[in-house]
Number of protein chains: 4
Amino acid sequence: MNRLIQNAPLKGIIPPLVTPLLDNDTLDIKGLENLIERLVAGGVHGLFILGTTGEAQSISYCVRRQMIEETSRINNKRLPLLVCISDTSITESIKLANIAADCGTNAVVSAPPYYYAPSQVELAEFYLDVAERLPLPLFLYNMPSHTKVNFAPETIRQIAENKKVIGFKDSSANAVYFQSVMTAMQDRPDFSMLVGPEEITGEVVLMGGHGGINGGANMFPELYVNLYNAAEAGNLQEVRRLQRIVMQISTTIYTVGKYGSSYLKGVKCALGILGVCNDHLAAPFYKFEEPEKERIRQALEKIQTAL
Amino acid sequence: MNRLIQNAPLKGIIPPLVTPLLDNDTLDIKGLENLIERLVAGGVHGLFILGTTGEAQSISYCVRRQMIEETSRINNKRLPLLVCISDTSITESIKLANIAADCGTNAVVSAPPYYYAPSQVELAEFYLDVAERLPLPLFLYNMPSHTKVNFAPETIRQIAENKKVIGFKDSSANAVYFQSVMTAMQDRPDFSMLVGPEEITGEVVLMGGHGGINGGANMFPELYVNLYNAAEAGNLQEVRRLQRIVMQISTTIYTVGKYGSSYLKGVKCALGILGVCNDHLAAPFYKFEEPEKERIRQALEKIQTAL
Amino acid sequence: MNRLIQNAPLKGIIPPLVTPLLDNDTLDIKGLENLIERLVAGGVHGLFILGTTGEAQSISYCVRRQMIEETSRINNKRLPLLVCISDTSITESIKLANIAADCGTNAVVSAPPYYYAPSQVELAEFYLDVAERLPLPLFLYNMPSHTKVNFAPETIRQIAENKKVIGFKDSSANAVYFQSVMTAMQDRPDFSMLVGPEEITGEVVLMGGHGGINGGANMFPELYVNLYNAAEAGNLQEVRRLQRIVMQISTTIYTVGKYGSSYLKGVKCALGILGVCNDHLAAPFYKFEEPEKERIRQALEKIQTAL
Amino acid sequence: MNRLIQNAPLKGIIPPLVTPLLDNDTLDIKGLENLIERLVAGGVHGLFILGTTGEAQSISYCVRRQMIEETSRINNKRLPLLVCISDTSITESIKLANIAADCGTNAVVSAPPYYYAPSQVELAEFYLDVAERLPLPLFLYNMPSHTKVNFAPETIRQIAENKKVIGFKDSSANAVYFQSVMTAMQDRPDFSMLVGPEEITGEVVLMGGHGGINGGANMFPELYVNLYNAAEAGNLQEVRRLQRIVMQISTTIYTVGKYGSSYLKGVKCALGILGVCNDHLAAPFYKFEEPEKERIRQALEKIQTAL
């Protein structure tokens with residue numbers, strides 16, 4: 001099975017799944033099944049769970065474990081499965097990785113410990129320790145707005161000397177930075193360079209990046225797959241056409257709320273309206289009330305017309 | 001026992017204990033016993049565990065639980081015991097609080113969820129939920145450098161309408177902010193106003209604050225207790241004299257390393273040299289090597305002369 | 001005249017004067033006269049012009065020059081006069097300093113160039129250059145929220161090796177930082193340690209600092225002078241009583257607007273209502289409209305009752 | 001002449017010229033002539049002076065004025081000329097714009113006032129005032145790392161209702177943000193969308209942006225012109241080939257120094273070595289010493305081989 005991703009680099013659209021919840025402690029398993037079937041049908045290239053979009057930090061370890069097991073069961077090895085093990089405790093991270101390995105997933109993904117902000121030297125030392133102890137290949141995950149630390153390109157290079165480290169996901173939105181990492185890793189064609197924000201998947205792939213871990217694909221998997229394919233094929237006109245819809249989603253669904261949580265609330269609310277899964281958000285966030293829901297509903301209608 | 005802190009406000013020096021470790025996953029129980037006896041003998045007014053100084057986020061839940069149980073056992077109700085339950089998951093926080101309650105501790109302390117940064121509205125809603133479910137009184141803990149969010153004074157006021165919320169610890173180092181919270185809470189004389197950074201405990205108490213949760217007290221409990229007493233008594237000359245030693249510690253022991261982790265490394269290294277406990281730090285940090293250790297040794301000698 | 005401040009350290013309340021304006025380019029000279037007489041009558045220990053409260057960066061060089069000349073004329077050497085020469089161009093800074101010297105002012109004050117953020121090494125080199133070329137003694141001014149750079153305590157020490165550098169104003173609000181600078185300069189009893197935010201003048205003076213450059217003194221000079229005197233005398237009870245009024249001002253007058261400009265708008269609006277000077281603010285800010293003005297009016301009434 | 005840019009949108013590579021200096025107050029006019037001839041010969045699409053790369057904030061108004069006059073004279077209307085008038089004082093900004101108009105330049109560019117950080121509401125009001133008073137068309141310039149404020153896409157839209165506002169330069173490096181502004185302005189095909197960092201000019205143009213204000217074009221104008229042309233033509237293979245050289249410059253020339261000033265120092269040092277102009281930097285920066293200069297020399301050699 002690991003062949004699926006050891007023919008590195010992993011490429012394409014790998015949606016970061018929301019974690020469907022009935023309440024803070026109960027997985028919405030029916031919703032998760034719907035979601036995965038929707039994604040498989042939509043042609044995505046892999047599944048990524050327990051990331052930022054997956055509210056992993058807000059749910060208990062018990063639910064995180066269950067999410068790994070259930071996703072693995074439902075996916076049934078149809079798609080490469082990546083499990084995010086970001087944690088502030090190395091011990092808990094490794095435990096999650098072992099669970100992931102036991103469930104037959106393909107790789108793990110890790111953002112830096114996010115309470116204490118380590119220096120670059122500490123970060124390198126930490127990840128060399130982590131990689132040593134991991135049962136699976138590792139993607140590094142850059143998420144400075146949440147972790148308060150940015151992987152220096154040179155640090156990534158240093159960590160990737162351990163061949164278990166097979167890729168990088170950047171959610172910084174900083175395209176200069178992404179290019180710097182591309183440059184630092186240019187002699188490693190097997191190293192997967194993926195981007196978080198869907199608003200820049202098109203351009204990243206045009207420039208030689210490998211794909212996107214794009215939250216919007218929870219709602220509209222084909223759109224992002226088509227965008228990826230158009231970019232991969234160098235079809236600029238089609239990229240720009242699809243980009244307009246991607247931006248329509250970004251500037252409507254993700255901006256209904258007033259806070260940083262708008263994106264998460266918007267995606268879950270939309271999935272609820274689309275009948276995919278429950279729209280419950282784990283604390284410290286709370287789902288949209290009816291007025292916001294109505295705005296999401298209207299935005300969805302316009303997007304479906306555009307699609 | 002809870003009388004000890006329900007005669008609010010809690011006052012004095014409540015050291016945030018380091019978590020003595022033999023390795024990432026093993027508590028140094030003998031070291032913990034030494035540390036607690038040192039603190040009790042030093043006259044401190046309470047114990048605070050699993051805070052930032054206690055590396056709580058870096059150790060596993062299993063070790064966190066053990067730290068609560070062992071501290072509780074060793075303390076044996078001699079001093080009020082506060083347990084920090086900060087976590088990104090409300091479920092895990094409540095679990096820790098229940099363990100703390102079962103062990104007979106007096107109160108819990110919580111900093112905001114530190115992965116997703118909630119807005120003030122979400123923060124208030126979150127803590128009103130948390131307080132509802134807690135088996136023990138709650139101190140709010142402001143730590144914006146690590147959590148990326150600052151409690152607005154009005155948010156604290158709003159949360160403290162739940163009478164379980166009995167105090168506030170501020171580690172922002174922003175003295176204007178501290179005064180704003182003092183003002184927001186001025187009609188609540190029972191509400192405990194404590195400060196994190198020991199460099200400002202003197203002035204905070206002079207202005208009417210109630211004390212400090214000061215990491216340096218792990219090493220030199222009497223110094224901080226004397227500083228508190230001098231400030232409480234309005235003895236300015238003595239406050240300034242002791243402040244010079246506090247600043248000597250701050251500008252030597254805490255500045256040997258090059259990174260943000262210097263403080264943690266310095267305290268643990270010093271405790272190792274003083275024979276109190278092991279100097280192991282949990283990942284993503286690593287203890288000082290010999291050259292830094294030598295600088296800590298020399299700094300300690302000068303401080304002991306000054307004391 | 002320079003005796004007034006060369007018997008360093010300069011102590012007490014030195015209000016940072018607003019720049020009274022009729023419009024963006026016209027000084028309200030009558031208003032400036034009223035303001036200065038009010039301050040002299042209020043017993044302040046010096047005058048500070050063209051700082052952050054003085055909107056120096058928003059007005060033209062022509063008006064800045066006129067402000068120096070007029071203040072100097074009206075003050076007529078009654079009080080030590082400090083002129084802030086902060087600029088992004090060293091040439092323009094030195095020009096302003098020469099104008100200040102020609103007008104017989106006592107010292108200049110400078111915050112780091114605020115467009116490009118220099119490193120500590122560059123900052124030290126820059127200020128050693130500046131000091132060399134200055135015709136007057138220099139106070140360093142720390143204002144990280146506006147300049148994006150913090151003077152490291154060691155950098156201050158290094159710059160102050162030039163004996164023209166006679167003091168420091170800190171507007172960081174970070175009391176730990178202020179104590180670190182106090183410690184770095186502890187062998188320089190002639191070096192003046194002043195604080196910007198009036199909310200912490202009391203505690204800073206209690207801990208051995210020398211006074212405050214407090215914007216609220218534009219409105220209520222006696223209040224801040226009394227606070228300073230009480231702190232200097234170690235009268236804790238009186239400090240705390242006055243502090244409550246200082247905080248009442250801070251949490252009402254300065255919080256009427258929604259943006260960072262609330263403080264500036266509040267002070268100028270209050271001075272307008274008190275009949276001291278015009279309430280015009282230079283672009284990019286704009287004075288309060290009637291609804292906000294009414295709130296300021298009501299806040300002023302309550303403060304005047306408390307005084 | 002203004003036809004040149006009123007056939008909006010302005011497109012292509014418009015280098016932000018360094019300001020060649022003999023010392024802090026003396027323009028290196030011969031150097032400026034060399035530089036402009038080099039750029040014209042290199043095929044660039046316009047000239048942009050007194051921006052961040054031009055150290056405008058560090059030089060006096062007198063030198064800024066001279067830079068406008070000399071550039072205008074040397075250019076002699078061969079290329080569209082844009083003059084950056086960013087200042088903290090609206091009065092000084094308008095003065096610079098009037099000088100620019102008198103010299104026959106084509107447009108002005110303005111970043112928000114950079115001492116006080118205005119809110120979005122204040123920013124919109126400010127720029128509507130500015131636009132009203134300007135004698136020339138205006139480009140907005142987003143430079144949040146230096147100005148502490150980001151133009152919200154909606155604010156740009158609002159300001160651009162004044163038809164004098166004809167374009168936008170974004171130096172945030174945030175590609176998601178750039179796409180959001182593209183979307184906000186999508187019904188304004190005449191509005192020029194330009195990017196600052198050369199590391200992303202390729203992808204921005206591929207996605208429909210109009211070009212780059214790229215500092216590296218001071219050194220190698222043809223490279224960036226070729227990159228622009230390849231992107232404009234949709235020649236992905238050539239874009240990627242040239243991008244590798246762009247990144248080589250970015251990761252060598254711009255990273256020799258240890259501070260944020262590395263980029264400025266690197267460009268000026270390289271221009272000195274290439275014999276274009278003097279390598280003096282205005283305070284608070286200082287030119288490279290021999291060891292750094294040697295590293296720049298070696299980097300240049302490798303780049304010239306790659307070209």
# chains A, B, ... in the order shown; residues from 1 in each chain; ligands from 1
$ residues_around --residues "range 302-305 of chain B" --least-positions-apart "6" --cutoff "8 Å" --atoms "only C-alpha atoms" --output "PyMOL selection string"
chain B and resi 245+248-249
$ residues_around --residues "Pro197 in chain A" --least-positions-apart "6" --cutoff "7 Å" --atoms "only C-alpha atoms" --output "list in words"
Ser171, Ala173 and Asn214 of chain A
$ closest_atom_pairs --of "chain C" --to "chain B" --cutoff "9 Å" --atoms "only C-alpha atoms" --output "CSV"
residue,atom,partner,partner_atom,distance
C:Ser172,CA,B:Asn174,CA,8.2
C:Ala173,CA,B:Asn174,CA,5.4
C:Asn174,CA,B:Asn174,CA,4.5
C:Ala175,CA,B:Ala175,CA,5.6
C:Val176,CA,B:Glu199,CA,5.5
C:Tyr177,CA,B:Ala173,CA,8.1
C:Gln179,CA,B:Glu199,CA,6.9
C:Ser180,CA,B:Met247,CA,7.1
C:Thr183,CA,B:Met247,CA,6.8
C:Ala184,CA,B:Thr251,CA,9.0
C:Pro197,CA,B:Val176,CA,7.2
C:Glu198,CA,B:Val176,CA,8.4
C:Glu199,CA,B:Val176,CA,5.5
C:Ile200,CA,B:Val176,CA,6.1
C:Gly202,CA,B:Met207,CA,8.0
C:Glu203,CA,B:Glu203,CA,5.5
C:Val204,CA,B:Glu203,CA,7.5
C:Leu206,CA,B:Leu236,CA,7.2
C:Met207,CA,B:Arg240,CA,6.3
C:Gly208,CA,B:Arg240,CA,7.5
C:Gly234,CA,B:Leu236,CA,7.0
C:Asn235,CA,B:Gly234,CA,8.7
C:Leu236,CA,B:Gly234,CA,7.0
C:Val239,CA,B:Met207,CA,7.8
C:Arg240,CA,B:Met207,CA,6.2
C:Gln243,CA,B:Met207,CA,8.5
C:Arg244,CA,B:Thr183,CA,7.5
C:Met247,CA,B:Thr183,CA,6.8
C:Gln248,CA,B:Thr183,CA,8.0
C:Ser250,CA,B:Ser180,CA,8.3
C:Thr251,CA,B:Ser180,CA,7.4
$ write_last_selection --atoms "C-alpha atoms" --output "PDB file, in the first residue's frame"
ATOM      1  CA  SER C 172       6.587  49.714  25.564  1.00  0.00           C
ATOM      2  CA  ALA C 173       4.306  49.182  28.584  1.00  0.00           C
ATOM      3  CA  ASN C 174       6.441  46.128  29.276  1.00  0.00           C
ATOM      4  CA  ALA C 175       7.425  46.441  32.911  1.00  0.00           C
ATOM      5  CA  VAL C 176       9.817  43.502  32.807  1.00  0.00           C
ATOM      6  CA  TYR C 177      11.656  45.241  30.024  1.00  0.00           C
ATOM      7  CA  GLN C 179      13.288  46.692  34.936  1.00  0.00           C
ATOM      8  CA  SER C 180      15.876  45.136  32.626  1.00  0.00           C
ATOM      9  CA  THR C 183      19.381  46.961  35.746  1.00  0.00           C
ATOM     10  CA  ALA C 184      21.524  47.559  32.668  1.00  0.00           C
ATOM     11  CA  PRO C 197       2.193  55.184  29.785  1.00  0.00           C
ATOM     12  CA  GLU C 198       0.712  57.069  32.735  1.00  0.00           C
ATOM     13  CA  GLU C 199      -0.974  53.887  33.922  1.00  0.00           C
ATOM     14  CA  ILE C 200       2.402  52.718  35.239  1.00  0.00           C
ATOM     15  CA  GLY C 202       3.180  55.228  39.923  1.00  0.00           C
ATOM     16  CA  GLU C 203       4.794  51.822  40.087  1.00  0.00           C
ATOM     17  CA  VAL C 204       7.797  52.826  38.046  1.00  0.00           C
ATOM     18  CA  LEU C 206       8.001  53.415  43.464  1.00  0.00           C
ATOM     19  CA  MET C 207      10.620  51.059  42.028  1.00  0.00           C
ATOM     20  CA  GLY C 208      13.174  53.834  41.559  1.00  0.00           C
ATOM     21  CA  GLY C 234       6.594  56.386  49.184  1.00  0.00           C
ATOM     22  CA  ASN C 235       3.022  57.225  50.160  1.00  0.00           C
ATOM     23  CA  LEU C 236       1.401  54.031  48.940  1.00  0.00           C
ATOM     24  CA  VAL C 239      -0.522  56.469  45.078  1.00  0.00           C
ATOM     25  CA  ARG C 240      -3.301  53.904  44.974  1.00  0.00           C
ATOM     26  CA  GLN C 243      -4.035  55.589  40.456  1.00  0.00           C
ATOM     27  CA  ARG C 244      -7.760  54.889  40.495  1.00  0.00           C
ATOM     28  CA  MET C 247      -7.201  54.450  35.417  1.00  0.00           C
ATOM     29  CA  GLN C 248     -10.606  56.084  35.197  1.00  0.00           C
ATOM     30  CA  SER C 250      -7.416  55.607  30.797  1.00  0.00           C
ATOM     31  CA  THR C 251     -10.494  53.414  30.607  1.00  0.00           C
TER      32      THR C 251
END
$ residues_around --residues "Leu32 in chain A" --least-positions-apart "3" --cutoff "9 Å" --atoms "only C-alpha atoms" --output "PyMOL selection string"
chain A and resi 17-21+27-29+35-37+67+70-71+74+276-277
$ residues_around --residues "range 136-142 of chain D" --least-positions-apart "5" --cutoff "6 Å" --atoms "only C-alpha atoms" --output "VMD selection string"
chain D and resid 107 to 111 164 to 171
$ select_by_dssp --residues "range 202-246 of chain C" --states "helix (DSSP H, G or I)" --output "NGL selection string"
:C and (202-206 or 215-218 or 221-232 or 236-246)
$ residues_around --residues "Phe151 in chain C" --least-positions-apart "4" --cutoff "8 Å" --atoms "only C-alpha atoms" --output "list of chain:residue names"
C:Gln120, C:Leu123, C:Asn142, C:Thr155, C:Ile156
$ residues_around --residues "Arg65 in chain B" --least-positions-apart "6" --cutoff "12 Å" --atoms "only C-alpha atoms" --output "ChimeraX atom specification"
/B:19,25-27,49-50,56,59,71-72,83-85,92-93,95-103
$ closest_residue --among "B:Gly275, B:Gly31, B:Gly104, B:Gly266" --to "Thr53 in chain B" --atoms "only C-alpha atoms"
B:Gly266
$ select_by_dssp --residues "range 16-220 of chain A" --states "strand (DSSP E or B)" --output "JSON, numbers by chain"
{"A": [16, 21, 22, 23, 26, 27, 47, 48, 49, 81, 82, 83, 84, 107, 108, 109, 110, 138, 139, 140, 141, 142, 165, 166, 167, 168, 169, 170, 174, 192, 193, 194, 195, 211, 212]}
$ closest_residue --among "B:Val149, B:Leu82, B:Arg133, B:Glu289" --to "Tyr116 in chain B" --atoms "only C-alpha atoms"
B:Val149
$ atom_distance --atom1 "CA of Glu122 in chain C" --atom2 "CA of Ala283 in chain D"
8.7 Å
$ atom_distance --atom1 "CA of Ala124 in chain A" --atom2 "CA of Val181 in chain A"
15.2 Å
$ residues_around --residues "Ser119 in chain B" --least-positions-apart "4" --cutoff "12 Å" --atoms "only C-alpha atoms" --output "short mmCIF file (atom, residue, chain, number, x, y, z; two decimals) with all heavy atoms, in the first residue's frame"
data_model
loop_
_atom_site.label_atom_id
_atom_site.label_comp_id
_atom_site.auth_asym_id
_atom_site.auth_seq_id
_atom_site.Cartn_x
_atom_site.Cartn_y
_atom_site.Cartn_z
N GLY A 257 -18.32 34.83 9.04
CA GLY A 257 -18.10 35.16 10.45
C GLY A 257 -17.15 36.33 10.58
O GLY A 257 -16.51 36.75 9.62
N LYS A 258 -17.05 36.86 11.81
CA LYS A 258 -16.22 38.03 12.00
C LYS A 258 -14.81 37.69 12.45
O LYS A 258 -13.95 38.54 12.51
CB LYS A 258 -16.87 38.95 13.05
CG LYS A 258 -17.98 39.81 12.49
CD LYS A 258 -18.58 40.71 13.56
CE LYS A 258 -19.31 39.87 14.60
NZ LYS A 258 -20.01 40.69 15.62
N TYR A 259 -14.58 36.43 12.82
CA TYR A 259 -13.32 36.11 13.47
C TYR A 259 -12.47 35.18 12.60
O TYR A 259 -12.89 34.75 11.53
CB TYR A 259 -13.59 35.45 14.82
CG TYR A 259 -14.64 36.17 15.60
CD1 TYR A 259 -15.79 35.50 16.03
CD2 TYR A 259 -14.52 37.53 15.88
CE1 TYR A 259 -16.78 36.17 16.74
CE2 TYR A 259 -15.50 38.21 16.59
CZ TYR A 259 -16.63 37.53 17.01
OH TYR A 259 -17.59 38.18 17.70
N GLY A 260 -11.31 34.84 13.14
CA GLY A 260 -10.40 33.92 12.46
C GLY A 260 -11.03 32.57 12.22
O GLY A 260 -10.58 31.81 11.36
N SER A 261 -12.08 32.26 12.98
CA SER A 261 -12.73 30.96 12.87
C SER A 261 -13.70 30.89 11.69
O SER A 261 -14.30 29.84 11.46
CB SER A 261 -13.48 30.66 14.16
OG SER A 261 -14.34 31.75 14.49
N SER A 262 -13.84 31.98 10.94
CA SER A 262 -14.83 32.01 9.85
C SER A 262 -14.67 30.87 8.86
O SER A 262 -15.66 30.31 8.39
CB SER A 262 -14.67 33.31 9.04
OG SER A 262 -15.02 34.39 9.83
N PRO A 284 -12.99 25.66 21.11
CA PRO A 284 -13.61 26.92 21.52
C PRO A 284 -14.44 27.58 20.42
O PRO A 284 -14.68 28.78 20.52
CB PRO A 284 -12.40 27.78 21.86
CG PRO A 284 -11.37 27.34 20.86
CD PRO A 284 -11.59 25.87 20.69
N PHE A 285 -14.83 26.84 19.40
CA PHE A 285 -15.65 27.45 18.37
C PHE A 285 -17.08 26.93 18.48
O PHE A 285 -17.34 25.91 19.12
CB PHE A 285 -15.06 27.21 16.98
CG PHE A 285 -13.71 27.83 16.83
CD1 PHE A 285 -12.67 27.16 16.17
CD2 PHE A 285 -13.44 29.09 17.35
CE1 PHE A 285 -11.41 27.75 16.04
CE2 PHE A 285 -12.18 29.68 17.21
CZ PHE A 285 -11.17 29.00 16.56
N TYR A 286 -17.99 27.62 17.81
CA TYR A 286 -19.41 27.31 17.91
C TYR A 286 -20.02 27.54 16.55
O TYR A 286 -19.65 28.46 15.85
CB TYR A 286 -20.06 28.21 18.99
CG TYR A 286 -19.38 28.02 20.32
CD1 TYR A 286 -18.28 28.82 20.68
CD2 TYR A 286 -19.77 26.99 21.18
CE1 TYR A 286 -17.61 28.60 21.87
CE2 TYR A 286 -19.10 26.77 22.37
CZ TYR A 286 -18.02 27.57 22.71
OH TYR A 286 -17.34 27.35 23.87
N PRO B 112 -6.04 30.15 27.59
CA PRO B 112 -6.89 29.85 26.44
C PRO B 112 -6.30 28.76 25.56
O PRO B 112 -5.08 28.59 25.48
CB PRO B 112 -6.90 31.18 25.66
CG PRO B 112 -6.62 32.22 26.67
CD PRO B 112 -5.66 31.57 27.64
N PRO B 113 -7.17 28.02 24.87
CA PRO B 113 -6.72 27.05 23.88
C PRO B 113 -5.71 27.72 22.96
O PRO B 113 -5.97 28.83 22.48
CB PRO B 113 -7.99 26.68 23.11
CG PRO B 113 -9.13 27.07 23.99
CD PRO B 113 -8.64 28.15 24.88
N LEU B 123 -13.96 33.35 23.39
CA LEU B 123 -13.25 33.09 24.64
C LEU B 123 -14.21 33.13 25.82
O LEU B 123 -14.15 32.27 26.72
CB LEU B 123 -12.17 34.18 24.80
CG LEU B 123 -10.95 33.90 25.63
CD1 LEU B 123 -10.24 32.63 25.19
CD2 LEU B 123 -9.98 35.09 25.52
N ALA B 124 -15.06 34.12 25.85
CA ALA B 124 -16.03 34.24 26.94
C ALA B 124 -16.97 33.04 26.95
O ALA B 124 -17.18 32.41 27.99
CB ALA B 124 -16.82 35.54 26.81
N GLU B 125 -17.47 32.71 25.78
CA GLU B 125 -18.39 31.58 25.67
C GLU B 125 -17.69 30.28 26.11
O GLU B 125 -18.24 29.49 26.87
CB GLU B 125 -18.87 31.47 24.21
CG GLU B 125 -20.07 30.57 24.03
CD GLU B 125 -20.75 30.74 22.64
OE1 GLU B 125 -20.33 31.62 21.85
OE2 GLU B 125 -21.68 29.98 22.35
N PHE B 126 -16.46 30.13 25.66
CA PHE B 126 -15.68 28.93 26.03
C PHE B 126 -15.52 28.83 27.54
O PHE B 126 -15.77 27.78 28.14
CB PHE B 126 -14.31 29.01 25.35
CG PHE B 126 -13.36 27.90 25.72
CD1 PHE B 126 -13.52 26.64 25.18
CD2 PHE B 126 -12.32 28.12 26.61
CE1 PHE B 126 -12.64 25.61 25.51
CE2 PHE B 126 -11.44 27.10 26.94
CZ PHE B 126 -11.60 25.84 26.39
N THR B 147 -0.19 31.82 23.71
CA THR B 147 -1.54 31.46 23.25
C THR B 147 -2.04 32.34 22.11
O THR B 147 -3.08 32.07 21.53
CB THR B 147 -2.57 31.58 24.40
OG1 THR B 147 -2.67 32.97 24.78
CG2 THR B 147 -2.15 30.76 25.60
N LYS B 148 -1.32 33.42 21.82
CA LYS B 148 -1.67 34.33 20.73
C LYS B 148 -2.95 35.13 21.00
O LYS B 148 -3.45 35.79 20.09
CB LYS B 148 -1.84 33.55 19.40
CG LYS B 148 -0.60 32.85 18.94
CD LYS B 148 -0.90 31.82 17.84
CE LYS B 148 -1.63 30.64 18.40
NZ LYS B 148 -1.90 29.53 17.54
N VAL B 149 -3.45 35.06 22.21
CA VAL B 149 -4.66 35.83 22.52
C VAL B 149 -4.52 36.42 23.91
O VAL B 149 -3.88 35.84 24.79
CB VAL B 149 -5.91 34.93 22.41
CG1 VAL B 149 -5.91 33.82 23.43
CG2 VAL B 149 -7.19 35.75 22.54
N ASN B 150 -5.05 37.60 24.07
CA ASN B 150 -5.02 38.35 25.32
C ASN B 150 -6.46 38.40 25.84
O ASN B 150 -7.37 38.73 25.07
CB ASN B 150 -4.60 39.80 24.98
CG ASN B 150 -3.60 40.37 25.93
OD1 ASN B 150 -2.65 39.71 26.36
ND2 ASN B 150 -3.80 41.62 26.28
N PHE B 151 -6.68 38.10 27.10
CA PHE B 151 -8.02 38.31 27.65
C PHE B 151 -8.30 39.81 27.73
O PHE B 151 -7.59 40.52 28.45
CB PHE B 151 -8.11 37.79 29.09
CG PHE B 151 -8.21 36.31 29.25
CD1 PHE B 151 -7.08 35.55 29.53
CD2 PHE B 151 -9.44 35.67 29.17
CE1 PHE B 151 -7.17 34.18 29.72
CE2 PHE B 151 -9.53 34.30 29.36
CZ PHE B 151 -8.39 33.54 29.63
N ALA B 152 -9.30 40.30 27.05
CA ALA B 152 -9.69 41.70 27.25
C ALA B 152 -10.20 41.84 28.68
O ALA B 152 -10.86 40.93 29.20
CB ALA B 152 -10.78 42.10 26.27
N THR B 155 -13.67 40.92 29.04
CA THR B 155 -13.93 39.48 28.93
C THR B 155 -13.72 38.80 30.27
O THR B 155 -14.49 37.90 30.66
CB THR B 155 -12.99 38.86 27.86
OG1 THR B 155 -13.20 39.55 26.62
CG2 THR B 155 -13.26 37.39 27.67
#
$ atom_distance --atom1 "CA of Leu47 in chain D" --atom2 "CA of Ala270 in chain D"
19.4 Å
